[in-house]
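Undergrad: Structure file coords_12.cif (mmCIF, C-alpha atoms) right here:
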```cif
data_protein
#
loop_
_atom_site.label_atom_id
_atom_site.label_comp_id
_atom_site.auth_asym_id
_atom_site.auth_seq_id
_atom_site.Cartn_x
_atom_site.Cartn_y
_atom_site.Cartn_z
CA MET A 199 11.19 90.77 -47.72
CA LYS A 200 13.62 89.97 -50.53
CA ASN A 201 13.18 91.14 -54.12
CA PHE A 202 11.32 88.89 -56.55
CA ASN A 203 10.00 88.89 -60.10
CA TYR A 204 6.23 89.27 -60.46
CA HIS A 205 4.48 87.58 -63.39
CA ILE A 206 0.82 87.58 -64.46
CA ALA A 207 -0.03 84.34 -66.26
CA LYS A 208 -2.73 84.38 -68.94
CA ASP A 209 -3.41 80.63 -68.70
CA SER A 210 -2.29 77.45 -66.92
CA LYS A 211 0.20 76.57 -69.63
CA GLU A 212 2.02 79.88 -69.27
CA ALA A 213 1.92 79.64 -65.47
CA SER A 214 3.55 76.22 -65.61
CA LYS A 215 6.24 77.43 -68.02
CA LEU A 216 7.12 80.33 -65.72
CA SER A 217 7.52 78.07 -62.69
CA SER A 218 10.90 76.96 -61.40
CA SER A 219 12.51 75.49 -58.30
CA SER A 220 12.34 78.98 -56.76
CA SER A 221 8.84 80.13 -57.64
CA ALA A 222 5.32 80.08 -56.21
CA PHE A 223 1.85 80.45 -57.66
CA LEU A 224 -0.09 83.38 -56.24
CA ALA A 225 -3.88 83.61 -56.01
CA GLY A 226 -5.21 84.95 -52.72
CA GLY A 227 -1.77 85.11 -51.11
CA MET A 228 -3.11 84.44 -47.62
CA THR A 229 -0.16 82.19 -46.77
CA THR A 230 2.50 83.10 -49.33
CA ILE A 231 2.70 86.84 -48.65
CA PRO A 232 2.79 86.64 -44.82
CA SER A 233 5.42 83.87 -45.05
CA MET A 234 7.59 86.07 -47.26
CA LYS A 235 7.17 89.09 -45.02
CA LEU A 236 8.22 87.07 -41.98
CA GLY A 237 11.23 85.62 -43.81
CA LEU A 238 9.84 82.10 -43.62
CA ALA A 239 9.81 81.75 -47.41
CA SER A 240 11.71 83.32 -50.27
CA TYR A 241 11.01 83.06 -54.00
CA LYS A 242 12.70 84.31 -57.14
CA ASP A 243 9.41 84.45 -59.01
CA LEU A 244 5.77 84.90 -58.03
CA ILE A 245 3.30 83.79 -60.70
CA ASP A 246 -0.09 85.45 -60.36
CA ILE A 247 -2.88 83.10 -61.52
CA LYS A 248 -5.94 84.85 -60.12
CA ASN A 249 -7.01 86.32 -63.47
CA ILE A 250 -7.10 82.99 -65.31
CA LYS A 251 -10.85 82.68 -65.94
CA LYS A 252 -10.70 78.91 -66.41
CA LEU A 253 -9.64 78.48 -62.78
CA SER A 254 -12.66 80.16 -61.20
CA GLY A 255 -16.30 79.24 -60.71
CA ILE A 256 -18.64 76.55 -59.39
CA LYS A 257 -20.20 73.90 -61.63
CA ILE A 258 -22.80 71.46 -60.32
CA SER A 259 -23.95 68.23 -61.92
CA SER A 260 -26.14 65.37 -60.69
CA LYS A 261 -23.24 63.56 -59.02
CA SER A 262 -20.51 66.10 -58.32
CA VAL A 263 -19.55 69.71 -57.69
CA ILE A 264 -16.49 71.16 -59.42
CA ILE A 265 -14.97 74.28 -57.89
CA GLY A 266 -12.24 76.20 -59.70
CA ALA A 267 -8.97 76.62 -57.82
CA THR A 268 -9.08 80.43 -57.63
CA THR A 269 -12.66 80.50 -56.38
CA LYS A 270 -12.70 82.52 -53.17
CA HIS A 271 -13.99 81.24 -49.85
CA VAL A 272 -16.75 83.84 -49.84
CA GLU A 273 -18.00 82.59 -53.20
CA VAL A 274 -18.23 79.04 -51.90
CA ALA A 275 -19.96 80.26 -48.74
CA ASN A 276 -22.52 82.35 -50.64
CA SER A 277 -23.33 80.03 -53.55
CA LYS A 278 -27.10 79.36 -53.49
CA GLU A 279 -26.71 76.29 -55.70
CA LEU A 280 -24.01 74.81 -53.49
CA LYS A 281 -26.09 75.44 -50.37
CA LYS A 282 -28.77 73.21 -51.91
CA THR A 283 -26.34 70.53 -53.10
CA ILE A 284 -23.66 70.26 -50.38
CA PRO A 285 -24.67 72.74 -47.65
CA SER A 286 -21.93 71.48 -45.35
CA LEU A 287 -19.29 72.69 -47.82
CA SER A 288 -20.75 76.20 -47.91
CA SER A 289 -20.92 76.18 -44.12
CA LEU A 290 -17.26 75.15 -43.91
CA ALA A 291 -16.23 78.04 -46.16
CA GLU A 292 -18.27 80.50 -44.11
CA GLY A 293 -16.30 79.52 -41.00
CA ILE A 294 -12.84 80.12 -42.46
CA GLY A 295 -10.87 82.97 -40.87
CA ASP A 296 -12.44 86.42 -40.99
CA PRO A 297 -14.17 88.43 -43.77
CA GLN A 298 -10.83 89.71 -45.08
CA VAL A 299 -9.48 86.18 -45.45
CA ARG A 300 -12.69 84.87 -46.98
CA ASN A 301 -12.71 87.66 -49.57
CA ARG A 302 -9.11 86.99 -50.64
CA GLY A 303 -8.31 83.36 -49.89
CA THR A 304 -8.96 80.64 -52.47
CA ILE A 305 -9.90 76.98 -52.23
CA GLY A 306 -6.99 75.88 -54.43
CA GLY A 307 -4.48 77.78 -52.33
CA SER A 308 -5.76 76.19 -49.14
CA VAL A 309 -5.66 72.67 -50.58
CA ALA A 310 -2.19 73.16 -52.10
CA ASN A 311 -0.82 74.57 -48.84
CA ASN A 312 -2.23 71.67 -46.77
CA ASP A 313 -1.94 73.36 -43.41
CA PRO A 314 -2.54 70.70 -40.72
CA SER A 315 -5.35 72.81 -39.24
CA ALA A 316 -6.99 73.97 -42.48
CA ASP A 317 -10.65 73.21 -43.15
CA TYR A 318 -10.76 72.39 -46.87
CA PRO A 319 -8.51 69.29 -46.75
CA SER A 320 -11.10 67.60 -44.55
CA ALA A 321 -13.78 68.37 -47.13
CA CYS A 322 -11.62 66.83 -49.85
CA VAL A 323 -11.12 63.60 -47.90
CA ALA A 324 -14.71 63.34 -46.65
CA LEU A 325 -16.32 64.12 -50.00
CA ASN A 326 -14.15 61.73 -52.04
CA ALA A 327 -12.69 64.67 -53.94
CA THR A 328 -10.54 64.54 -57.04
CA ILE A 329 -7.93 67.27 -57.44
CA HIS A 330 -7.65 68.30 -61.09
CA THR A 331 -4.25 69.72 -62.05
CA ASN A 332 -2.82 70.90 -65.36
CA GLU A 333 -1.20 67.46 -65.71
CA ARG A 334 -3.47 64.83 -64.10
CA LYS A 335 -6.26 63.95 -61.67
CA ILE A 336 -5.37 62.96 -58.10
CA GLU A 337 -7.67 61.31 -55.58
CA ALA A 338 -7.80 63.19 -52.28
CA SER A 339 -6.86 60.00 -50.43
CA LYS A 340 -3.52 60.08 -52.28
CA PHE A 341 -3.04 63.85 -52.43
CA PHE A 342 -2.32 64.85 -48.82
CA LYS A 343 1.06 63.37 -47.85
CA GLY A 344 2.08 65.07 -44.58
CA MET A 345 2.40 68.43 -42.85
CA PHE A 346 2.35 71.07 -45.62
CA GLU A 347 3.14 68.24 -48.06
CA THR A 348 1.06 67.14 -51.05
CA ALA A 349 1.43 64.98 -54.16
CA LEU A 350 1.91 68.08 -56.33
CA LYS A 351 5.08 68.17 -58.41
CA LYS A 352 7.06 71.37 -58.97
CA GLY A 353 5.26 73.45 -61.55
CA GLU A 354 2.05 71.44 -61.23
CA LEU A 355 -0.96 73.68 -60.80
CA ILE A 356 -4.33 72.86 -59.23
CA GLU A 357 -7.04 73.87 -61.69
CA ALA A 358 -10.16 72.58 -59.92
CA ILE A 359 -11.43 70.32 -57.17
CA GLU A 360 -14.31 67.91 -57.80
CA PHE A 361 -16.43 66.82 -54.82
CA GLN A 362 -18.79 63.84 -54.90
CA ILE A 363 -22.28 64.75 -53.65
CA PRO A 364 -23.10 62.77 -50.46
CA GLU A 365 -26.43 61.60 -49.10
CA LYS A 366 -25.77 63.47 -45.87
CA SER A 367 -22.84 65.48 -44.51
CA SER A 368 -21.77 67.95 -41.85
CA TYR A 369 -18.57 69.70 -40.81
CA GLN A 370 -18.05 70.61 -37.17
CA LYS A 371 -14.97 72.18 -35.65
CA HIS A 372 -13.56 73.49 -32.41
CA PRO A 373 -11.95 76.72 -33.68
CA ASN A 374 -9.01 78.64 -32.35
CA PRO A 375 -10.75 81.78 -31.03
CA ALA A 376 -8.28 84.12 -32.74
CA SER A 377 -7.43 82.57 -36.11
CA ARG A 378 -10.54 80.39 -36.58
CA TYR A 379 -8.25 77.56 -37.66
CA ALA A 380 -9.46 74.17 -36.50
CA VAL A 381 -8.01 73.00 -33.21
CA VAL A 382 -9.95 69.95 -34.33
CA GLY A 383 -12.39 69.74 -37.22
CA VAL A 384 -14.44 66.69 -38.24
CA TYR A 385 -16.23 66.29 -41.58
CA VAL A 386 -18.70 63.40 -41.72
CA ALA A 387 -20.05 62.38 -45.12
CA LYS A 388 -22.48 59.51 -45.70
CA TYR A 389 -22.62 57.77 -49.07
CA LYS A 390 -24.59 54.74 -50.17
CA LYS A 391 -21.63 52.39 -49.61
CA ASP A 392 -19.24 54.42 -47.43
CA ILE A 393 -19.11 56.75 -44.48
CA ASN A 394 -16.09 59.05 -44.26
CA VAL A 395 -14.96 60.79 -41.08
CA ALA A 396 -12.24 63.22 -42.14
CA VAL A 397 -10.31 64.87 -39.33
CA THR A 398 -8.19 68.02 -39.49
CA GLY A 399 -6.19 69.76 -36.76
CA ALA A 400 -5.68 66.61 -34.70
CA LYS A 401 -2.60 65.20 -36.48
CA PRO A 402 0.17 66.59 -38.71
CA CYS A 403 -2.01 65.84 -41.74
CA VAL A 404 -5.71 65.40 -42.48
CA TYR A 405 -6.87 61.79 -42.26
CA ASN A 406 -9.94 59.56 -42.52
CA ASP A 407 -10.62 58.00 -39.13
CA LYS A 408 -11.39 54.36 -39.93
CA ASP A 409 -12.47 53.45 -36.37
CA LEU A 410 -15.17 56.12 -36.35
CA SER A 411 -16.14 55.29 -39.94
CA ASN A 412 -16.59 51.61 -39.13
CA ALA A 413 -18.63 52.33 -36.03
CA LEU A 414 -20.92 54.68 -37.94
CA SER A 415 -21.25 52.18 -40.79
CA ASN A 416 -22.79 49.72 -38.30
CA SER A 417 -25.11 52.36 -36.90
CA PHE A 418 -25.25 55.92 -38.17
CA SER A 419 -25.97 57.63 -34.88
CA SER A 420 -23.95 59.62 -32.39
CA SER A 421 -24.72 57.03 -29.73
CA SER A 422 -22.67 54.43 -31.65
CA ILE A 423 -19.48 56.44 -31.02
CA GLN A 424 -20.49 57.86 -27.63
CA ASN A 425 -17.94 55.87 -25.61
CA MET A 426 -15.12 55.59 -28.14
CA GLU A 427 -11.63 56.45 -26.97
CA LEU A 428 -9.10 57.23 -29.69
CA ASP A 429 -5.37 56.66 -29.52
CA SER A 430 -3.71 60.03 -28.85
CA SER A 431 -0.09 58.92 -29.26
CA ASP A 432 0.32 60.60 -32.66
CA MET A 433 -1.98 63.56 -32.04
CA ASN A 434 -0.74 67.16 -32.12
CA ALA A 435 0.00 68.85 -28.80
CA ASP A 436 0.55 72.59 -28.31
CA ILE A 437 -0.48 75.53 -26.13
CA HIS A 438 -4.04 75.28 -27.47
CA ALA A 439 -4.72 71.62 -26.71
CA SER A 440 -2.96 68.52 -25.48
CA ALA A 441 -2.89 65.33 -27.52
CA GLU A 442 -5.37 63.69 -25.15
CA TYR A 443 -7.75 66.64 -25.37
CA ARG A 444 -7.58 66.60 -29.16
CA ALA A 445 -8.43 62.90 -29.19
CA SER A 446 -11.53 63.59 -27.10
CA LEU A 447 -12.43 66.55 -29.32
CA VAL A 448 -12.39 64.33 -32.40
CA VAL A 449 -15.12 62.16 -30.88
CA THR A 450 -17.08 65.17 -29.64
CA GLN A 451 -17.03 66.92 -33.01
CA ALA A 452 -17.82 63.67 -34.83
CA LYS A 453 -20.92 63.22 -32.65
CA LYS A 454 -22.00 66.79 -33.39
CA ALA A 455 -21.48 66.22 -37.11
CA VAL A 456 -23.58 63.05 -37.12
CA ASP A 457 -26.38 64.76 -35.20
CA ALA A 458 -26.29 67.69 -37.67
CA CYS A 459 -26.55 65.46 -40.76
#
```
Would you put the structure from the file into structure tokens?
TA:
Amino acid sequence: MKNFNYHIAKDSKEASKLSSSSSAFLAGGMTTIPSMKLGLASYKDLIDIKNIKKLSGIKISSKSVIIGATTKHVEVANSKELKKTIPSLSSLAEGIGDPQVRNRGTIGGSVANNDPSADYPSACVALNATIHTNERKIEASKFFKGMFETALKKGELIEAIEFQIPEKSSYQKHPNPASRYAVVGVYVAKYKKDINVAVTGAKPCVYNDKDLSNALSNSFSSSSIQNMELDSSDMNADIHASAEYRASLVVTQAKKAVDAC
């Protein structure tokens, strides 16, 4: 691992000022540090943001839940208030990685990294989330651009993520048995006017499956999507699952999510 400068930022403004074309923000470090150790990434400066109090915590109102970017997975999983408001989000957090990852990893880091098999991006898309940064607010539908690619500009820092409270919701995934990453994960969220079916792990980037959404809008039951066959031409394929298998898993996990709502 190459040498780098380590900074501890006292607030978002200072963190942004310290950033450059060769820097990274550091909170849990669950992706950044392993990537550096393996030589997959190299930075001149690491900017530690985990002690910025403004970036941590869970706030619940009548219509939304705001979670600070440096809030750890374990805090989301264990929040009694969140379990009452959006239990599916707490359940998602509880299924991330292992205890070590959940006690170090942060929601903002996961969303900013946008791993194609990560869990939180599906929650953002399904729950009509708004990503609050130090510069602007970005709708989740416009935030995730591609594999490990987001709408964030260099030096732009996620401060919080705001989720809209649904009428019903559930997240179901087929996990990799070792990493617990989603081979395929499906987050179904029912609102008064919309039904979102956010899928992670199946394609290079999280997406809202419109075919499943439309079918469930006509009839919110697993039987309405029982015989659906999805196009697998742009699905991921690797040693864990073929594209065709992933397409079938999307339907299977979507049915489980609807039944669990």
Undergrad: Applying the PyMOL selection byres ((chain A and resi 357) around 9) to the file I just gave you, which residues come out? Please list them as a list in words.
TA: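 Taken over the shown coordinates, the PyMOL selection byres ((chain A and resi 357) around 9) returns Ser210, Lys252, Leu253, Ser254, Ile265, Gly266, Ala267, Thr268, Gly306, Ile329, His330, Thr331, Asn332, Leu355, Ile356, Ala358 and Ile359 of chain A.
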Undergrad: Could you write out as a VMD selection string the residues that the PyMOL selection byres ((chain A and resi 365) around 9) matches in the shown file?
TA: chain A and resid 363 to 364 366 to 367 387 to 390
Undergrad: Could you jot down the atom CA of A:Gly227 to atom CA of A:Lys211 separation for me, Å, one decimal place?
TA: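 Going from atom CA of A:Gly227 over to atom CA of A:Lys211 covers 20.5 Å.
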Undergrad: Please write as an MDAnalysis selection string the full residue list that the PyMOL selection byres ((chain A and resi 440-454) around 7) yields on this file.
TA: chainID A and resid 370:371 382:384 386 400 420 428:430 433:436 439 455:458
Undergrad: Hey, what's within 9 Å of A:Asp407 if we count all atoms listed in the file and toss same-chain stuff fewer than 4 positions away? As a ChimeraX atom specification, please?
TA: /A:394-397,411-412
Undergrad: Could you check the closest approach to A:Thr304 for each of A:Cys322, A:Leu290, A:Val381, A:Ala225 and tell me which residue wins, using only C-alpha atoms?
TA: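 Answer, going by the shortest atom-to-atom distance: A:Ala225.
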Undergrad: Find the residues around A:Glu354 up to 12 Å (only C-alpha atoms counted), leave out those fewer than 5 positions away in its own chain, and share them as number ranges by chain.
TA: A: 210-219, 221-223, 310, 329-336, 348-349
Undergrad: Between A:Met426, A:Ile393, A:Ile294, A:Ile258, single out the one closest to A:Leu414, counting all atoms listed in the file.
TA: A:Ile393
Undergrad: Work out how far apart atom CA of A:Ile264 and atom CA of A:Leu350 are and give it in Å to one decimal.
TA: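 That distance, rounded to one decimal, is 18.9 Å.
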Undergrad: If I take atom CA of A:Ala291 and atom CA of A:Asp409, how far is one from the other in Å, to one decimal?
TA: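 Computed distance, atom CA of A:Ala291 to atom CA of A:Asp409, equals 26.7 Å.
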Undergrad: Can you pull out every residue within 8 Å of A:Arg302, counting all atoms listed in the file, but drop anything in the same chain fewer than 5 positions away, and send it as an MDAnalysis selection string?
TA: chainID A and resid 226:228 270:271
Undergrad: Quick one: axis-aligned box around all listed atoms of stretch 354-363 of chain A, 4 Å on every side, centre and edge lengths in Å to one decimal, written as JSON.
TA:
```
{"center_x": -10.1, "center_y": 68.9, "center_z": -57.7, "size_x": 32.3, "size_y": 18.0, "size_z": 16.0}
```
Undergrad: Counting all atoms listed in the file, which of A:Lys281, A:Lys343, A:Lys248, A:Lys208 gets nearest to A:Ile305?
TA: A:Lys248
Undergrad: So, with all atoms listed in the file as the atoms that count, which of A:Lys391, A:Gln362, A:His438, A:Ser377 lies closest to A:Ile284?
TA: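 That would be A:Gln362, the residue with the smallest distance to A:Ile284.
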Undergrad: So which one's closest to A:Ser320, A:Val263, A:Cys403, A:Leu238, A:Leu244? Using only C-alpha atoms, please.
TA: A:Cys403
Undergrad: Nearest to A:Val404 among A:Asp392, A:Glu273, A:Asp313, A:Asp243, with distances taken over only C-alpha atoms: which residue is it?
TA: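 The answer is A:Asp313, which sits nearest to A:Val404.
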Undergrad: Can you tell me which residues surround A:Asn326 at a distance of at most 7 Å, considering only C-alpha atoms, apart from same-chain residues fewer than 2 positions away, and format the answer as JSON, numbers by chain?
TA: {"A": [322, 323, 324, 328, 338, 361, 362]}
